file work-v3.cif (mmCIF, C-alpha atoms)
data_coords
loop_
_atom_site.label_atom_id
_atom_site.label_comp_id
_atom_site.auth_asym_id
_atom_site.auth_seq_id
_atom_site.Cartn_x
_atom_site.Cartn_y
_atom_site.Cartn_z
CA MET N 1 -8.57 18.60 7.25
CA ASP N 2 -7.50 17.26 10.65
CA LEU N 3 -10.86 18.18 12.15
CA ILE N 4 -12.66 16.44 9.27
CA PHE N 5 -10.48 13.36 9.82
CA LEU N 6 -11.28 13.30 13.55
CA ILE N 7 -15.00 13.75 12.92
CA GLY N 8 -14.80 11.02 10.27
CA VAL N 9 -13.13 8.63 12.73
CA LEU N 10 -15.83 9.43 15.29
CA PHE N 11 -18.58 8.73 12.73
CA LYS N 12 -16.80 5.54 11.61
CA GLY N 13 -16.84 4.35 15.22
CA ILE N 14 -20.52 5.19 15.64
CA ASP N 15 -21.30 3.65 12.24
CA GLY N 16 -19.37 0.51 13.15
CA LEU N 17 -21.27 0.18 16.43
CA VAL N 18 -24.64 0.67 14.69
CA GLU N 19 -23.69 -1.90 12.04
CA LEU N 20 -22.59 -4.37 14.71
CA ILE N 21 -25.86 -3.97 16.62
CA GLY N 22 -27.90 -4.09 13.39
CA GLY N 23 -26.10 -7.23 12.21
CA ALA N 24 -26.65 -8.92 15.57
CA VAL N 25 -30.36 -8.04 15.51
CA LEU N 26 -30.71 -9.37 11.95
CA LEU N 27 -29.39 -12.75 13.10
CA PHE N 28 -32.52 -13.19 15.21
CA VAL N 29 -35.14 -11.52 12.99
CA SER N 30 -37.04 -13.26 10.20
CA PRO N 31 -37.74 -11.49 6.88
CA ALA N 32 -41.46 -11.35 7.85
CA GLN N 33 -40.64 -9.67 11.18
CA LEU N 34 -38.34 -7.25 9.38
CA ALA N 35 -41.07 -6.38 6.86
CA GLY N 36 -43.57 -5.89 9.70
CA ALA N 37 -41.17 -3.56 11.51
CA ALA N 38 -40.56 -1.57 8.31
CA HIS N 39 -44.30 -1.18 7.77
CA ALA N 40 -44.83 -0.14 11.41
CA VAL N 41 -42.02 2.44 11.26
CA THR N 42 -43.16 3.94 7.94
CA ALA N 43 -46.96 3.69 8.32
CA ASN N 44 -47.51 7.24 9.61
CA GLU N 45 -45.17 8.80 7.05
CA LEU N 46 -46.70 6.89 4.15
CA ALA N 47 -50.22 7.78 5.34
CA GLU N 48 -49.19 11.46 5.24
CA ASP N 49 -47.19 11.22 2.01
CA PRO N 50 -47.58 7.98 0.02
CA HIS N 51 -44.74 9.08 -2.27
CA ASP N 52 -42.13 9.62 0.51
CA ILE N 53 -38.89 8.41 -1.05
CA ILE N 54 -37.10 7.21 2.08
CA ALA N 55 -40.11 5.38 3.55
CA ASN N 56 -40.82 3.68 0.22
CA LEU N 57 -37.18 2.71 -0.24
CA LEU N 58 -37.17 1.16 3.23
CA VAL N 59 -40.40 -0.79 2.71
CA HIS N 60 -39.45 -2.02 -0.77
CA GLY N 61 -35.86 -2.79 0.24
CA VAL N 62 -36.96 -4.93 3.18
CA ALA N 63 -39.65 -6.63 1.09
CA SER N 64 -37.03 -7.75 -1.44
CA LEU N 65 -34.93 -9.53 1.20
CA GLY N 66 -35.33 -13.27 1.45
CA ALA N 67 -33.97 -15.44 4.26
CA GLY N 68 -30.61 -15.69 2.48
CA GLY N 69 -30.52 -11.94 1.93
CA VAL N 70 -31.12 -11.23 5.61
CA GLY N 71 -28.40 -13.71 6.58
CA PHE N 72 -25.94 -12.17 4.14
CA LEU N 73 -26.82 -8.66 5.30
CA ALA N 74 -26.37 -9.70 8.94
CA LEU N 75 -22.96 -11.22 8.22
CA TYR N 76 -21.89 -8.22 6.15
CA LEU N 77 -22.96 -5.74 8.84
CA LEU N 78 -21.29 -7.75 11.60
CA LEU N 79 -18.01 -8.02 9.68
CA HIS N 80 -18.07 -4.39 8.53
CA GLY N 81 -18.92 -3.21 12.06
CA VAL N 82 -16.18 -5.28 13.71
CA VAL N 83 -13.56 -4.06 11.22
CA LYS N 84 -14.58 -0.40 11.65
CA LEU N 85 -14.59 -0.64 15.44
CA ALA N 86 -11.21 -2.43 15.43
CA ILE N 87 -9.75 0.32 13.26
CA VAL N 88 -11.13 3.08 15.50
CA VAL N 89 -9.92 1.35 18.69
CA ALA N 90 -6.45 0.79 17.20
CA LEU N 91 -6.29 4.44 16.13
CA LEU N 92 -7.32 5.50 19.64
CA LEU N 93 -4.59 3.31 21.14
CA GLY N 94 -2.12 5.48 19.26
CA THR N 95 -0.29 3.19 16.90
CA ARG N 96 0.68 4.29 13.40
CA LYS N 97 0.99 0.65 12.33
CA ILE N 98 -2.80 0.42 12.00
CA TYR N 99 -3.04 3.00 9.21
CA PRO N 100 -2.05 0.66 6.33
CA TRP N 101 -4.32 -2.07 7.73
CA ALA N 102 -7.18 0.39 8.10
CA ILE N 103 -6.71 1.60 4.55
CA ALA N 104 -6.53 -1.98 3.22
CA GLY N 105 -9.64 -3.06 5.15
CA LEU N 106 -11.65 -0.09 3.97
CA ILE N 107 -10.49 -0.54 0.38
CA ALA N 108 -11.61 -4.19 0.50
CA PHE N 109 -15.08 -3.06 1.57
CA LEU N 110 -15.01 -0.32 -1.07
CA ILE N 111 -14.31 -2.86 -3.81
CA PHE N 112 -17.30 -4.91 -2.68
CA GLN N 113 -19.45 -1.76 -2.41
CA VAL N 114 -18.51 -0.64 -5.93
CA TYR N 115 -19.42 -4.11 -7.21
CA GLU N 116 -22.77 -3.88 -5.43
CA LEU N 117 -23.29 -0.39 -6.90
CA LEU N 118 -22.79 -1.80 -10.37
CA VAL N 119 -25.18 -4.70 -9.74
CA ASP N 120 -27.87 -3.02 -7.63
CA PRO N 121 -27.27 0.70 -6.95
CA THR N 122 -28.95 2.31 -3.96
CA ILE N 123 -28.71 5.81 -2.50
CA GLY N 124 -27.61 4.44 0.87
CA LEU N 125 -24.79 2.46 -0.68
CA VAL N 126 -23.67 5.49 -2.70
CA LEU N 127 -23.52 7.59 0.48
CA LEU N 128 -21.67 4.87 2.40
CA THR N 129 -19.18 4.45 -0.46
CA VAL N 130 -18.50 8.18 -0.71
CA PHE N 131 -18.08 8.39 3.08
CA ASP N 132 -15.65 5.43 3.04
CA LEU N 133 -13.68 7.01 0.17
CA VAL N 134 -13.28 10.25 2.12
CA ILE N 135 -12.15 8.32 5.22
CA VAL N 136 -9.61 6.33 3.18
CA ALA N 137 -8.21 9.55 1.68
CA LEU N 138 -8.00 11.25 5.07
CA THR N 139 -6.46 8.17 6.70
CA TRP N 140 -3.86 8.04 3.90
CA ARG N 141 -3.12 11.73 4.51
CA GLU N 142 -2.62 11.19 8.24
CA TRP N 143 -0.41 8.16 7.67
CA ARG N 144 1.67 10.07 5.11
CA HIS N 145 2.14 12.91 7.62
CA GLY N 146 3.38 10.36 10.16
CA ARG N 147 1.05 11.37 12.98
CA THR N 148 -0.91 9.26 15.41
CA LEU N 149 -4.55 10.01 16.15
CA HIS N 150 -3.50 11.51 19.50
CA GLU N 151 -1.10 13.91 17.79
CA THR N 152 -3.79 14.90 15.30
CA MET N 153 -6.25 15.49 18.16
CA ARG N 154 -3.75 17.62 20.08
CA SER N 155 -2.88 19.79 17.08
CA THR N 156 -6.57 20.19 16.21
CA VAL N 157 -7.49 21.20 19.77
CA VAL N 158 -4.66 23.78 19.76
CA TRP N 159 -5.88 25.10 16.39
CA VAL N 160 -9.48 25.37 17.61
CA MET N 161 -8.40 27.10 20.83
CA ARG N 162 -6.33 29.66 18.87
CA ARG N 163 -9.26 30.33 16.54
CA THR N 164 -11.74 30.85 19.37
CA SER N 165 -9.36 33.01 21.41
CA ALA N 166 -8.66 35.18 18.33
CA VAL N 167 -12.34 36.20 18.17
CA PRO N 168 -12.83 39.43 20.15
CA VAL N 169 -14.91 39.17 23.32
CA GLN N 170 -17.67 41.43 21.95
CA GLU N 171 -18.16 39.14 18.91
CA ARG N 172 -18.28 36.03 21.12
CA SER N 173 -20.97 37.59 23.33
CA ARG N 174 -23.12 38.37 20.25
CA SER N 175 -23.06 34.77 18.99
#

call {"tool": "encode", "arguments": {"input": "work-v3.cif", "output": "structure tokens"}}
result
Amino acid sequence: MDLIFLIGVLFKGIDGLVELIGGAVLLFVSPAQLAGAAHAVTANELAEDPHDIIANLLVHGVASLGAGGVGFLALYLLLHGVVKLAIVVALLLGTRKIYPWAIAGLIAFLIFQVYELLVDPTIGLVLLTVFDLVIVALTWREWRHGRTLHETMRSTVVWVMRRTSAVPVQERSRS
């Protein structure tokens, strides 16, 4: 579970950075430019397979955004990205005090995401919500165990090293 938590924190940091960059880009992009980019990115795939689910979801999702929708999405991504990056940085700095704040921040976003799922469900939002739920549960577990991220990393590295050194040399050379 520790390894899953560490990988989850890593992905949260990457996700937060991508959301921050995406939100910043959306501040300067018009809905027409966004639709043009979506068509350019999906043109080859849709020419090959006009029924491609992901490409069609992207094109139709972008087409449904108005100027207000792009602004809201930009603000949401910026806020979500900043909060995620702040949580990851605080965890990396090694304080346990951030755990309740991280849990509260993620739960606030989860409440909004569940509302959005009820109003306008999308596959992407379902995946993001499930991912956030797992991270909240794992963060709660780490906080309950009273460990900092550094302690979790150390114990996980020791566990991985023991597991790899327990594999006989002949088996390692075959893999």

call {"tool": "resolve_selection", "arguments": {"input": "work-v3.cif", "expression": "the PyMOL selection byres ((chain N and resi 144-151) around 9)", "output": "short mmCIF file (atom, residue, chain, number, x, y, z; two decimals) with C-alpha atoms, in the coordinates of the input"}}
result
data_model
loop_
_atom_site.label_atom_id
_atom_site.label_comp_id
_atom_site.auth_asym_id
_atom_site.auth_seq_id
_atom_site.Cartn_x
_atom_site.Cartn_y
_atom_site.Cartn_z
CA LEU N 6 -11.28 13.30 13.55
CA LEU N 91 -6.29 4.44 16.13
CA LEU N 92 -7.32 5.50 19.64
CA LEU N 93 -4.59 3.31 21.14
CA GLY N 94 -2.12 5.48 19.26
CA THR N 95 -0.29 3.19 16.90
CA ARG N 96 0.68 4.29 13.40
CA THR N 139 -6.46 8.17 6.70
CA TRP N 140 -3.86 8.04 3.90
CA ARG N 141 -3.12 11.73 4.51
CA GLU N 142 -2.62 11.19 8.24
CA TRP N 143 -0.41 8.16 7.67
CA THR N 152 -3.79 14.90 15.30
CA MET N 153 -6.25 15.49 18.16
CA ARG N 154 -3.75 17.62 20.08
CA SER N 155 -2.88 19.79 17.08
CA THR N 156 -6.57 20.19 16.21
#

call {"tool": "closest_residue", "arguments": {"input": "work-v3.cif", "among": "N:Val160, N:Leu73, N:Leu110, N:Ala86", "to": "N:Val25", "atoms": "only C-alpha atoms"}}
result
N:Leu73

call {"tool": "resolve_selection", "arguments": {"input": "work-v3.cif", "expression": "the PyMOL selection byres ((chain N and resi 105) around 12)", "output": "PDB file with C-alpha atoms, in the frame of the given file"}}
result
ATOM      1  CA  LEU N  79     -18.010  -8.020   9.680  1.00  0.00           C
ATOM      2  CA  HIS N  80     -18.070  -4.390   8.530  1.00  0.00           C
ATOM      3  CA  GLY N  81     -18.920  -3.210  12.060  1.00  0.00           C
ATOM      4  CA  VAL N  82     -16.180  -5.280  13.710  1.00  0.00           C
ATOM      5  CA  VAL N  83     -13.560  -4.060  11.220  1.00  0.00           C
ATOM      6  CA  LYS N  84     -14.580  -0.400  11.650  1.00  0.00           C
ATOM      7  CA  LEU N  85     -14.590  -0.640  15.440  1.00  0.00           C
ATOM      8  CA  ALA N  86     -11.210  -2.430  15.430  1.00  0.00           C
ATOM      9  CA  ILE N  87      -9.750   0.320  13.260  1.00  0.00           C
ATOM     10  CA  ILE N  98      -2.800   0.420  12.000  1.00  0.00           C
ATOM     11  CA  TYR N  99      -3.040   3.000   9.210  1.00  0.00           C
ATOM     12  CA  PRO N 100      -2.050   0.660   6.330  1.00  0.00           C
ATOM     13  CA  TRP N 101      -4.320  -2.070   7.730  1.00  0.00           C
ATOM     14  CA  ALA N 102      -7.180   0.390   8.100  1.00  0.00           C
ATOM     15  CA  ILE N 103      -6.710   1.600   4.550  1.00  0.00           C
ATOM     16  CA  ALA N 104      -6.530  -1.980   3.220  1.00  0.00           C
ATOM     17  CA  LEU N 106     -11.650  -0.090   3.970  1.00  0.00           C
ATOM     18  CA  ILE N 107     -10.490  -0.540   0.380  1.00  0.00           C
ATOM     19  CA  ALA N 108     -11.610  -4.190   0.500  1.00  0.00           C
ATOM     20  CA  PHE N 109     -15.080  -3.060   1.570  1.00  0.00           C
ATOM     21  CA  LEU N 110     -15.010  -0.320  -1.070  1.00  0.00           C
ATOM     22  CA  ILE N 111     -14.310  -2.860  -3.810  1.00  0.00           C
ATOM     23  CA  PHE N 112     -17.300  -4.910  -2.680  1.00  0.00           C
ATOM     24  CA  ASP N 132     -15.650   5.430   3.040  1.00  0.00           C
ATOM     25  CA  LEU N 133     -13.680   7.010   0.170  1.00  0.00           C
ATOM     26  CA  ILE N 135     -12.150   8.320   5.220  1.00  0.00           C
ATOM     27  CA  VAL N 136      -9.610   6.330   3.180  1.00  0.00           C
ATOM     28  CA  THR N 139      -6.460   8.170   6.700  1.00  0.00           C
TER      29      THR N 139
END

call {"tool": "closest_residue", "arguments": {"input": "work-v3.cif", "among": "N:Ala47, N:Ala40, N:Val88, N:Ala55", "to": "N:Phe11", "atoms": "only C-alpha atoms"}}
result
N:Val88

call {"tool": "atom_distance", "arguments": {"input": "work-v3.cif", "atom1": "atom CA of N:Asp120", "atom2": "atom CA of N:Gly61"}}
result
11.2 Å

call {"tool": "closest_residue", "arguments": {"input": "work-v3.cif", "among": "N:Ala24, N:Val59, N:Val130, N:Val18", "to": "N:Gln113", "atoms": "all atoms listed in the file"}}
result
N:Val130

call {"tool": "atom_distance", "arguments": {"input": "work-v3.cif", "atom1": "atom CA of N:Ile54", "atom2": "atom CA of N:Leu138"}}
result
29.5 Å

call {"tool": "atom_distance", "arguments": {"input": "work-v3.cif", "atom1": "atom CA of N:Thr42", "atom2": "atom CA of N:Val29"}}
result
18.1 Å

call {"tool": "closest_residue", "arguments": {"input": "work-v3.cif", "among": "N:Ser64, N:Leu57, N:Ala137, N:Ile14", "to": "N:Ala32", "atoms": "only C-alpha atoms"}}
result
N:Ser64
